[in-house]
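The structure file data-v1.tsv is reproduced below (TSV, C-alpha atoms and all ligand atoms).
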chain	number	residue	atom	x	y	z
A	76	MET	CA	0.00	0.00	0.00
A	77	LYS	CA	1.28	3.49	-0.87
A	78	LYS	CA	2.20	5.58	2.18
A	79	ARG	CA	-0.23	8.43	2.78
A	80	GLU	CA	1.15	11.84	1.77
A	81	ILE	CA	1.02	14.21	4.72
A	82	TYR	CA	2.05	17.82	4.18
A	83	ILE	CA	2.86	19.74	7.37
A	84	LEU	CA	3.51	23.48	7.51
A	85	GLY	CA	5.85	24.16	10.46
A	86	ILE	CA	6.12	27.60	12.10
A	87	GLU	CA	8.89	28.72	14.49
A	88	SER	CA	8.78	32.12	16.23
A	89	SER	CA	9.95	31.52	19.81
A	90	CYS	CA	12.90	33.92	19.91
A	91	ASP	CA	14.63	35.90	17.13
A	92	GLU	CA	14.21	33.72	14.03
A	93	THR	CA	11.00	33.70	12.02
A	94	SER	CA	10.90	30.40	10.18
A	95	ALA	CA	8.46	28.36	8.09
A	96	ALA	CA	9.00	24.91	6.59
A	97	VAL	CA	7.02	22.41	4.57
A	98	LEU	CA	7.46	18.69	5.18
A	99	LEU	CA	6.13	15.79	3.15
A	100	ASN	CA	5.95	13.06	5.77
A	101	GLU	CA	9.48	12.99	7.32
A	102	LYS	CA	11.17	14.82	4.44
A	103	VAL	CA	11.79	18.57	4.30
A	104	LEU	CA	10.59	20.26	1.09
A	105	SER	CA	11.49	23.78	2.22
A	106	ASN	CA	12.91	25.47	5.31
A	107	CYS	CA	13.00	29.30	5.26
A	108	VAL	CA	14.57	31.24	8.11
A	109	ALA	CA	14.52	35.03	8.51
A	110	ASN	CA	17.17	36.09	11.04
A	111	GLN	CA	16.51	39.33	12.89
A	112	GLU	CA	19.65	41.40	12.46
A	113	ILE	CA	18.23	44.28	14.52
A	114	HIS	CA	19.28	42.70	17.86
A	115	LYS	CA	23.01	43.01	17.01
A	116	ASP	CA	22.84	46.71	17.94
A	117	TYR	CA	21.77	45.78	21.48
A	118	GLY	CA	24.05	42.80	22.25
A	119	GLY	CA	21.07	40.51	22.91
A	120	VAL	CA	17.46	39.87	21.92
A	121	VAL	CA	15.06	42.76	22.64
A	122	PRO	CA	11.65	41.04	23.12
A	123	GLU	CA	9.44	43.86	21.81
A	124	LEU	CA	11.57	44.27	18.67
A	125	ALA	CA	11.52	40.50	18.14
A	126	SER	CA	7.70	40.34	18.17
A	127	ARG	CA	7.44	43.28	15.77
A	128	ALA	CA	9.91	41.64	13.38
A	129	HIS	CA	8.00	38.32	13.56
A	130	GLN	CA	4.80	40.21	12.74
A	131	SER	CA	6.30	41.67	9.56
A	132	ASN	CA	8.24	38.53	8.56
A	133	ILE	CA	5.70	35.79	9.06
A	134	ILE	CA	3.59	36.13	5.90
A	135	PRO	CA	6.52	36.53	3.43
A	136	VAL	CA	8.40	33.65	5.10
A	137	VAL	CA	5.38	31.34	4.92
A	138	GLU	CA	4.72	32.31	1.29
A	139	LYS	CA	8.35	31.59	0.41
A	140	SER	CA	8.25	28.20	2.17
A	141	LEU	CA	5.15	27.20	0.17
A	142	SER	CA	6.62	28.37	-3.12
A	143	ASP	CA	10.03	26.71	-2.42
A	144	ALA	CA	8.18	23.48	-1.64
A	145	ASN	CA	6.21	23.95	-4.83
A	146	ILE	CA	2.89	23.29	-3.16
A	147	ASN	CA	-0.40	25.10	-2.83
A	148	LYS	CA	-1.72	25.90	0.67
A	149	ASN	CA	-4.80	23.79	-0.02
A	150	MET	CA	-2.55	20.71	-0.08
A	151	LEU	CA	-1.57	21.16	3.61
A	152	SER	CA	-2.68	18.40	5.98
A	153	ALA	CA	-1.99	20.35	9.21
A	154	ILE	CA	-0.14	23.32	10.70
A	155	ALA	CA	2.37	22.82	13.53
A	156	PHE	CA	3.77	25.74	15.51
A	157	THR	CA	6.09	26.44	18.46
A	158	ASN	CA	3.98	27.12	21.52
A	159	GLY	CA	6.88	27.48	23.99
A	160	PRO	CA	9.25	27.84	25.66
A	161	GLY	CA	10.15	31.30	24.41
A	162	LEU	CA	9.30	34.98	24.50
A	163	LEU	CA	5.57	35.61	24.98
A	164	GLY	CA	5.18	38.28	22.29
A	165	SER	CA	7.14	36.20	19.76
A	166	LEU	CA	5.18	33.03	20.55
A	167	LEU	CA	1.88	34.91	20.22
A	168	VAL	CA	2.68	35.78	16.59
A	169	GLY	CA	3.17	32.11	15.59
A	170	ASN	CA	0.28	30.96	17.77
A	171	SER	CA	-2.30	33.38	16.34
A	172	PHE	CA	-1.05	33.04	12.76
A	173	SER	CA	-1.32	29.23	12.99
A	174	LYS	CA	-4.81	29.38	14.47
A	175	SER	CA	-6.00	31.53	11.59
A	176	ILE	CA	-4.49	29.14	8.99
A	177	SER	CA	-6.07	26.17	10.79
A	178	LEU	CA	-9.45	27.91	10.83
A	179	GLY	CA	-9.22	29.27	7.28
A	180	LEU	CA	-8.10	25.99	5.68
A	181	ASN	CA	-10.03	23.74	8.08
A	182	ILE	CA	-6.92	21.70	8.95
A	183	PRO	CA	-5.72	20.42	12.37
A	184	LEU	CA	-3.72	22.71	14.65
A	185	ILE	CA	-0.69	21.13	16.35
A	186	SER	CA	1.33	22.79	19.13
A	187	VAL	CA	5.00	21.84	19.49
A	188	ASN	CA	7.44	22.18	22.38
A	189	HIS	CA	10.54	23.94	20.98
A	190	MET	CA	12.95	21.74	23.02
A	191	HIS	CA	11.17	18.59	21.93
A	192	ALA	CA	11.69	19.80	18.35
A	193	HIS	CA	15.45	20.44	18.83
A	194	LEU	CA	15.83	16.82	19.96
A	195	PHE	CA	13.82	15.38	17.09
A	196	ALA	CA	15.73	17.31	14.40
A	197	SER	CA	17.76	14.10	13.96
A	198	PHE	CA	14.60	12.31	12.78
A	199	ILE	CA	14.32	14.45	9.64
A	200	SER	CA	14.77	12.13	6.69
A	201	ARG	CA	17.75	12.67	4.33
A	202	SER	CA	20.06	10.58	2.22
A	203	ASP	CA	22.47	8.25	4.06
A	204	PHE	CA	20.43	8.48	7.16
A	205	ARG	CA	19.47	6.18	9.99
A	206	LYS	CA	16.83	7.19	12.53
A	207	PRO	CA	17.73	7.05	16.23
A	208	SER	CA	16.06	4.18	18.08
A	209	PHE	CA	14.38	4.37	21.47
A	210	PRO	CA	15.36	4.60	24.24
A	211	PHE	CA	18.08	7.19	23.77
A	212	LEU	CA	19.96	9.81	25.76
A	213	GLY	CA	18.97	13.28	24.50
A	214	ILE	CA	21.07	16.43	24.95
A	215	ASN	CA	19.68	19.86	24.21
A	216	ILE	CA	22.28	22.65	24.15
A	217	SER	CA	21.00	26.05	23.08
A	218	GLY	CA	20.88	29.72	23.95
A	219	GLY	CA	18.24	29.11	26.61
A	220	HIS	CA	18.71	25.48	27.69
A	221	THR	CA	21.25	22.83	28.68
A	222	GLN	CA	19.36	19.59	29.24
A	223	LEU	CA	19.97	15.85	29.54
A	224	ILE	CA	16.89	13.77	28.83
A	225	ILE	CA	16.06	10.08	28.75
A	226	VAL	CA	13.77	9.64	25.75
A	227	LYS	CA	11.68	6.46	25.90
A	228	ASP	CA	9.37	7.22	23.01
A	229	PHE	CA	8.11	10.14	20.90
A	230	PHE	CA	6.03	11.53	23.71
A	231	GLU	CA	7.57	9.90	26.78
A	232	MET	CA	10.69	11.54	28.16
A	233	LYS	CA	12.29	12.37	31.49
A	234	LEU	CA	14.54	15.33	32.23
A	235	ILE	CA	17.54	14.10	34.27
A	236	GLY	CA	19.81	17.14	34.13
A	237	ASN	CA	19.47	20.87	33.67
A	238	THR	CA	21.48	24.04	34.05
A	239	LEU	CA	21.31	25.64	37.48
A	240	ASP	CA	21.93	29.12	36.05
A	241	ASP	CA	23.00	30.17	32.52
A	242	ALA	CA	22.61	27.94	29.46
A	243	ILE	CA	25.75	26.90	27.57
A	244	GLY	CA	24.82	29.09	24.56
A	245	GLU	CA	24.39	32.01	26.96
A	246	ALA	CA	27.94	31.37	28.28
A	247	TYR	CA	29.27	31.50	24.70
A	248	ASP	CA	27.32	34.70	24.01
A	249	LYS	CA	28.18	36.49	27.27
A	250	CYS	CA	31.90	35.64	27.15
A	251	GLY	CA	31.93	36.59	23.46
A	252	LYS	CA	30.37	39.93	24.38
A	253	ILE	CA	33.21	40.52	26.89
A	254	LEU	CA	35.58	40.00	23.92
A	255	GLY	CA	33.62	42.58	21.92
A	256	LEU	CA	32.02	40.07	19.54
A	257	ASP	CA	28.55	40.60	18.06
A	258	TYR	CA	25.48	38.72	19.35
A	259	PRO	CA	25.13	35.75	19.06
A	260	ALA	CA	28.84	35.21	19.68
A	261	GLY	CA	28.87	31.37	19.73
A	262	PRO	CA	29.60	30.85	16.00
A	263	MET	CA	32.42	33.46	16.02
A	264	VAL	CA	34.04	32.06	19.19
A	265	ASP	CA	33.93	28.66	17.47
A	266	ARG	CA	35.55	30.03	14.30
A	267	LEU	CA	38.26	32.04	16.11
A	268	SER	CA	39.13	29.12	18.38
A	269	LEU	CA	40.22	27.01	15.40
A	270	GLN	CA	43.52	28.92	15.26
A	271	GLY	CA	44.05	29.14	19.02
A	272	ASN	CA	45.76	27.18	21.79
A	273	PRO	CA	43.07	25.63	24.03
A	274	ASP	CA	45.56	25.15	26.89
A	275	LYS	CA	46.75	28.76	27.06
A	276	PHE	CA	44.25	29.91	29.71
A	277	SER	CA	42.76	27.68	32.38
A	278	LEU	CA	39.04	28.16	33.08
A	279	PRO	CA	36.99	26.28	35.70
A	280	ILE	CA	34.37	23.63	34.93
A	281	ALA	CA	31.71	23.91	37.65
A	282	LYS	CA	31.38	20.84	39.84
A	283	VAL	CA	27.64	20.36	40.32
A	284	ASN	CA	25.58	17.31	41.24
A	285	ASP	CA	25.02	14.36	38.94
A	286	PHE	CA	23.79	15.54	35.56
A	287	ASP	CA	23.22	19.24	36.18
A	288	PHE	CA	25.28	22.05	34.68
A	289	SER	CA	26.36	25.53	35.77
A	290	TYR	CA	27.95	28.26	33.65
A	291	SER	CA	27.87	31.41	35.76
A	292	GLY	CA	31.29	30.56	37.31
A	293	VAL	CA	33.09	30.27	33.99
A	294	LYS	CA	31.63	33.58	32.87
A	295	THR	CA	32.88	35.32	36.04
A	296	ALA	CA	36.32	33.67	35.77
A	297	PHE	CA	36.55	34.73	32.12
A	298	GLN	CA	35.57	38.30	32.97
A	299	ASN	CA	38.14	38.47	35.82
A	300	LEU	CA	40.87	37.09	33.55
A	301	ILE	CA	40.17	39.83	30.99
A	302	ILE	CA	39.98	42.66	33.56
A	303	GLU	CA	43.23	41.63	35.30
A	304	SER	CA	45.14	40.99	32.07
A	305	LYS	CA	44.04	44.29	30.53
A	306	LEU	CA	45.65	46.14	33.44
A	307	LYS	CA	49.02	44.79	32.25
A	308	ASP	CA	48.38	44.89	28.50
A	309	SER	CA	45.69	47.18	27.11
A	310	ASN	CA	45.73	45.15	23.86
A	311	PHE	CA	45.33	41.85	25.72
A	312	ILE	CA	42.12	40.80	23.93
A	313	LYS	CA	43.43	41.67	20.48
A	314	ASN	CA	46.76	39.94	21.10
A	315	ASN	CA	45.17	36.76	22.48
A	316	ILE	CA	41.77	36.50	20.78
A	317	HIS	CA	42.35	33.06	19.25
A	318	ASP	CA	43.77	31.54	22.45
A	319	LEU	CA	41.01	33.09	24.57
A	320	CYS	CA	38.32	31.62	22.31
A	321	ALA	CA	40.03	28.21	22.13
A	322	SER	CA	40.45	28.03	25.95
A	323	LEU	CA	36.81	29.03	26.50
A	324	GLN	CA	35.65	26.52	23.91
A	325	LYS	CA	37.70	23.72	25.52
A	326	CYS	CA	36.14	24.38	28.93
A	327	LEU	CA	32.55	24.62	27.63
A	328	VAL	CA	32.80	21.56	25.40
A	329	GLU	CA	34.40	19.42	28.12
A	330	SER	CA	31.60	20.33	30.53
A	331	VAL	CA	29.02	18.81	28.18
A	332	ILE	CA	31.00	15.82	26.95
A	333	LYS	CA	31.81	14.65	30.50
A	334	LYS	CA	28.14	14.70	31.55
A	335	ILE	CA	27.03	12.88	28.41
A	336	GLU	CA	29.52	10.07	29.11
A	337	LEU	CA	28.46	9.87	32.75
A	338	ALA	CA	24.74	9.71	31.93
A	339	ALA	CA	25.08	7.24	29.04
A	340	GLU	CA	27.11	4.91	31.26
A	341	LYS	CA	24.83	5.21	34.31
A	342	PHE	CA	21.65	4.54	32.31
A	343	SER	CA	23.27	2.06	29.87
A	344	LEU	CA	22.20	4.06	26.84
A	345	SER	CA	24.27	3.64	23.70
A	346	GLU	CA	22.11	5.78	21.39
A	347	ILE	CA	22.84	9.48	21.87
A	348	VAL	CA	20.95	12.32	20.19
A	349	ILE	CA	22.04	15.95	20.38
A	350	GLY	CA	20.16	19.09	19.37
A	351	GLY	CA	20.02	22.89	19.76
A	352	GLY	CA	22.05	25.79	18.37
A	353	VAL	CA	25.27	24.87	20.23
A	354	SER	CA	25.26	21.45	18.53
A	355	ALA	CA	26.49	23.37	15.45
A	356	ASN	CA	29.78	23.78	17.33
A	357	SER	CA	32.72	22.22	15.50
A	358	GLU	CA	34.50	20.95	18.63
A	359	ILE	CA	31.33	19.41	20.11
A	360	ARG	CA	30.66	17.62	16.81
A	361	LYS	CA	34.26	16.38	16.65
A	362	SER	CA	34.28	15.20	20.29
A	363	LEU	CA	30.94	13.39	19.88
A	364	LYS	CA	32.14	11.58	16.76
A	365	LYS	CA	35.26	10.49	18.64
A	366	MET	CA	33.14	9.36	21.61
A	367	ALA	CA	30.99	7.27	19.26
A	368	VAL	CA	34.08	5.44	17.97
A	369	ASP	CA	35.84	5.07	21.36
A	370	LYS	CA	32.76	3.78	23.18
A	371	ASN	CA	31.05	2.02	20.30
A	372	TRP	CA	27.95	4.19	20.81
A	373	LYS	CA	25.71	5.62	18.10
A	374	VAL	CA	25.70	9.40	18.13
A	375	TYR	CA	23.18	11.42	16.08
A	376	ILE	CA	24.10	15.02	15.24
A	377	PRO	CA	21.67	17.02	13.07
A	378	PRO	CA	22.87	18.73	9.86
A	379	ILE	CA	23.92	22.33	10.65
A	380	GLU	CA	20.75	23.88	9.17
A	381	TYR	CA	18.61	21.96	11.70
A	382	THR	CA	20.69	22.88	14.77
A	383	THR	CA	19.87	26.58	15.27
A	384	ASP	CA	16.21	27.64	15.38
A	385	ASN	CA	14.31	26.47	12.31
A	386	ALA	CA	10.79	25.37	11.40
A	387	ALA	CA	11.77	22.03	9.84
A	388	MET	CA	12.27	20.62	13.35
A	389	ILE	CA	8.81	21.92	14.32
A	390	GLY	CA	7.41	20.21	11.22
A	391	ILE	CA	8.91	16.81	12.08
A	392	VAL	CA	7.36	16.80	15.56
A	393	GLY	CA	4.15	18.05	13.91
A	394	TYR	CA	4.25	15.02	11.63
A	395	TYR	CA	4.61	12.56	14.54
A	396	LYS	CA	1.82	14.32	16.46
A	397	PHE	CA	-0.35	14.20	13.32
A	398	ILE	CA	0.02	10.44	12.89
A	399	HIS	CA	-0.70	9.96	16.61
A	400	LYS	CA	-3.73	12.30	16.26
A	401	LYS	CA	-2.42	14.70	18.92
A	402	PHE	CA	-4.25	17.86	17.89
A	403	ASP	CA	-4.95	21.11	19.72
A	404	GLU	CA	-8.02	23.28	20.16
A	405	LEU	CA	-8.27	26.89	18.97
A	406	ASN	CA	-8.25	28.17	22.56
A	407	ILE	CA	-4.64	27.08	23.18
A	408	THR	CA	-2.45	29.86	24.63
A	409	PRO	CA	1.39	30.15	24.45
A	410	SER	CA	3.46	28.52	27.23
A	411	PRO	CA	6.60	30.70	27.67
A	412	ARG	CA	7.93	28.23	30.27
A	413	PHE	CA	6.86	25.02	28.53
A	414	LYS	CA	8.74	22.10	30.19
A	415	ILE	CA	9.96	19.12	28.22
A	501	LIG	O1	18.81	26.77	19.41
A	501	LIG	P1	19.16	28.18	19.18
A	501	LIG	O2	19.17	28.70	17.76
A	501	LIG	O3	18.21	29.14	19.98
A	501	LIG	C1	17.70	28.80	21.24
A	501	LIG	O4	16.74	27.99	21.30
A	501	LIG	O5	18.28	29.31	22.22
A	501	LIG	O6	20.59	28.41	19.85
A	501	LIG	C2	21.23	29.64	19.78
A	501	LIG	C3	22.54	29.53	20.53
A	501	LIG	C4	23.25	30.87	20.70
A	501	LIG	O7	23.65	30.99	22.04
A	501	LIG	C5	24.45	30.76	19.77
A	501	LIG	O8	25.57	31.51	20.18
A	501	LIG	C6	24.73	29.27	19.83
A	501	LIG	O9	23.45	28.68	19.79
A	501	LIG	N1	25.54	28.77	18.69
A	501	LIG	C7	26.80	28.30	18.83
A	501	LIG	C8	27.25	27.95	17.54
A	501	LIG	N2	26.24	28.22	16.64
A	501	LIG	C9	25.20	28.72	17.38
A	501	LIG	N3	27.57	28.14	19.92
A	501	LIG	C10	28.81	27.64	19.75
A	501	LIG	N4	29.32	27.28	18.54
A	501	LIG	C11	28.56	27.42	17.42
A	501	LIG	N5	29.08	27.06	16.24
A	502	ZN	ZN	16.17	26.84	19.92
Entire entry expressed as structure tokens:
Amino acid sequence: MKKREIYILGIESSCDETSAAVLLNEKVLSNCVANQEIHKDYGGVVPELASRAHQSNIIPVVEKSLSDANINKNMLSAIAFTNGPGLLGSLLVGNSFSKSISLGLNIPLISVNHMHAHLFASFISRSDFRKPSFPFLGINISGGHTQLIIVKDFFEMKLIGNTLDDAIGEAYDKCGKILGLDYPAGPMVDRLSLQGNPDKFSLPIAKVNDFDFSYSGVKTAFQNLIIESKLKDSNFIKNNIHDLCASLQKCLVESVIKKIELAAEKFSLSEIVIGGGVSANSEIRKSLKKMAVDKNWKVYIPPIEYTTDNAAMIGIVGYYKFIHKKFDELNITPSPRFKI
């Protein structure tokens, strides 16, 4: 029997990317992302400006995703949208837009947890691809979260570790800001670190219980290092930028890799799935691939375009919710603190 063709329109608007994607079953037909450059001037996301930008971006981005996918809106089977966690004003744009599409086209409305979507980005079908199998150890590393999760099935998961303060992406961004880099600084720290010595400066990895994380200490240590060193050399940052980035990167990457190893061993999980913007990091990807070989584990790392915020990952969760008939009512409101 021929597999039923299900077209899902995915919408992502939780923070500072407005994105729309079209999926045909588990395959992405289009994935359009409008980044909001305006926040660069402020060194971080300004919530009110983000909601205004979503409001002006959403229709053109959705139209582009439909035309890139070469489909007509009447072919859509359902609309899936991020309903949290995220900024309330930003979430409201995607939430109300999706409700109106659902109502206008008379198709099911599906709400998606943004962190759930980051984890399931590895389920998006592509060539040379093998889907993760349950149960697996999930790791979400992003600008707002650092989480370790035991995933038993599509909709059954348990959070076993979390950050006690800043998220790992926040540590990249805040330390990058101290170096004078634009927001978000993670990708630039990653790039600059490639030519640096990771052992030049020693930074502390916080010792916290079991599977939790903490990044406020490394940020303070990094700030103190810069302040003290600048007293002796006013060009300290410029003269050491590559080594500073490489040393920071080493500390942040080690903090995650160690906890992944600990959790996988304790819970005897040999399938490991990573997601979130920081999983685009070159050193994390390299260390995970090495871990997979050394330990004989299977590690799933999404393609770069599905690591940072995008609607394709919302669409894939939308697809699984569609086939399990997990639909929402039109009175659903955003959940800025949606838990996994
Ligand atoms: O998942 P995401 O797009 O948004 C959230 O849900 O938070 O993650 C954004 C975070 C930012 O902190 C950004 O600096 C970080 O991901 N990031 C990186 C890299 N690419 C993005 N951090 C380190 N290395 C990268 N290559
Ligand atoms: Zn995200």
Worksheet item: Which residues form the shell of 10 Å around ligand ZN 502 (chain A) when you count all atoms listed in the file, given as an MDAnalysis selection string?
Response: chainID A and resid 87:92 160:161 189:193 215:220 350:353 381:385 388
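Comparing the minimum interatomic distances between Pro378 of chain A and each of A:Tyr247, A:Tyr290, A:Phe204, A:Tyr117, counting only C-alpha atoms, we find that A:Phe204 sits nearest.
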Worksheet item: Hey, what's within 10 Å of Glu231 of chain A if we count all atoms listed in the file and toss same-chain stuff fewer than 4 positions away? As an NGL selection string, please?
Response: :A and (210 or 225-227 or 415)
Find the residues near segment 341-344 of chain A: any atom within 12 Å, counting all atoms listed in the file, skip ones fewer than 6 places away on the same chain, and give them as a tab-separated table (two decimals) with C-alpha atoms, in the frame of the given file.
chain	number	residue	atom	x	y	z
A	207	PRO	CA	17.73	7.05	16.23
A	208	SER	CA	16.06	4.18	18.08
A	209	PHE	CA	14.38	4.37	21.47
A	210	PRO	CA	15.36	4.60	24.24
A	211	PHE	CA	18.08	7.19	23.77
A	212	LEU	CA	19.96	9.81	25.76
A	213	GLY	CA	18.97	13.28	24.50
A	223	LEU	CA	19.97	15.85	29.54
A	224	ILE	CA	16.89	13.77	28.83
A	225	ILE	CA	16.06	10.08	28.75
A	226	VAL	CA	13.77	9.64	25.75
A	227	LYS	CA	11.68	6.46	25.90
A	235	ILE	CA	17.54	14.10	34.27
A	285	ASP	CA	25.02	14.36	38.94
A	286	PHE	CA	23.79	15.54	35.56
A	334	LYS	CA	28.14	14.70	31.55
A	335	ILE	CA	27.03	12.88	28.41
A	370	LYS	CA	32.76	3.78	23.18
A	371	ASN	CA	31.05	2.02	20.30
A	372	TRP	CA	27.95	4.19	20.81
A	373	LYS	CA	25.71	5.62	18.10
A	374	VAL	CA	25.70	9.40	18.13
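Remark: for ligand LIG 501 (chain A), the closest of the candidate residues A:Ile316, A:Ile398, A:Leu267, A:Leu124 is A:Leu267 (distances computed over only C-alpha atoms and all ligand atoms).
Note that atom CA of Asp248 of chain A and atom CA of Ala260 of chain A are 4.6 Å apart.
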Item to complete: Grab the atom CA of Ile312 of chain A to atom O1 of ligand LIG 501 (chain A) distance for me, in Å with one decimal place.
Response: 27.6 Å
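Minimum distance to Phe156 of chain A across A:Leu180, A:Ile359, A:Ile332, A:Val168 (counting only C-alpha atoms) occurs at A:Val168.
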Would you give the centre and edge lengths, in Å to one decimal, of a box along x, y and z around the listed atoms of ligand LIG 501 (chain A), with 4 Å added to each side, as JSON?
{"center_x": 23.0, "center_y": 29.1, "center_z": 19.2, "size_x": 20.6, "size_y": 12.7, "size_z": 14.0}
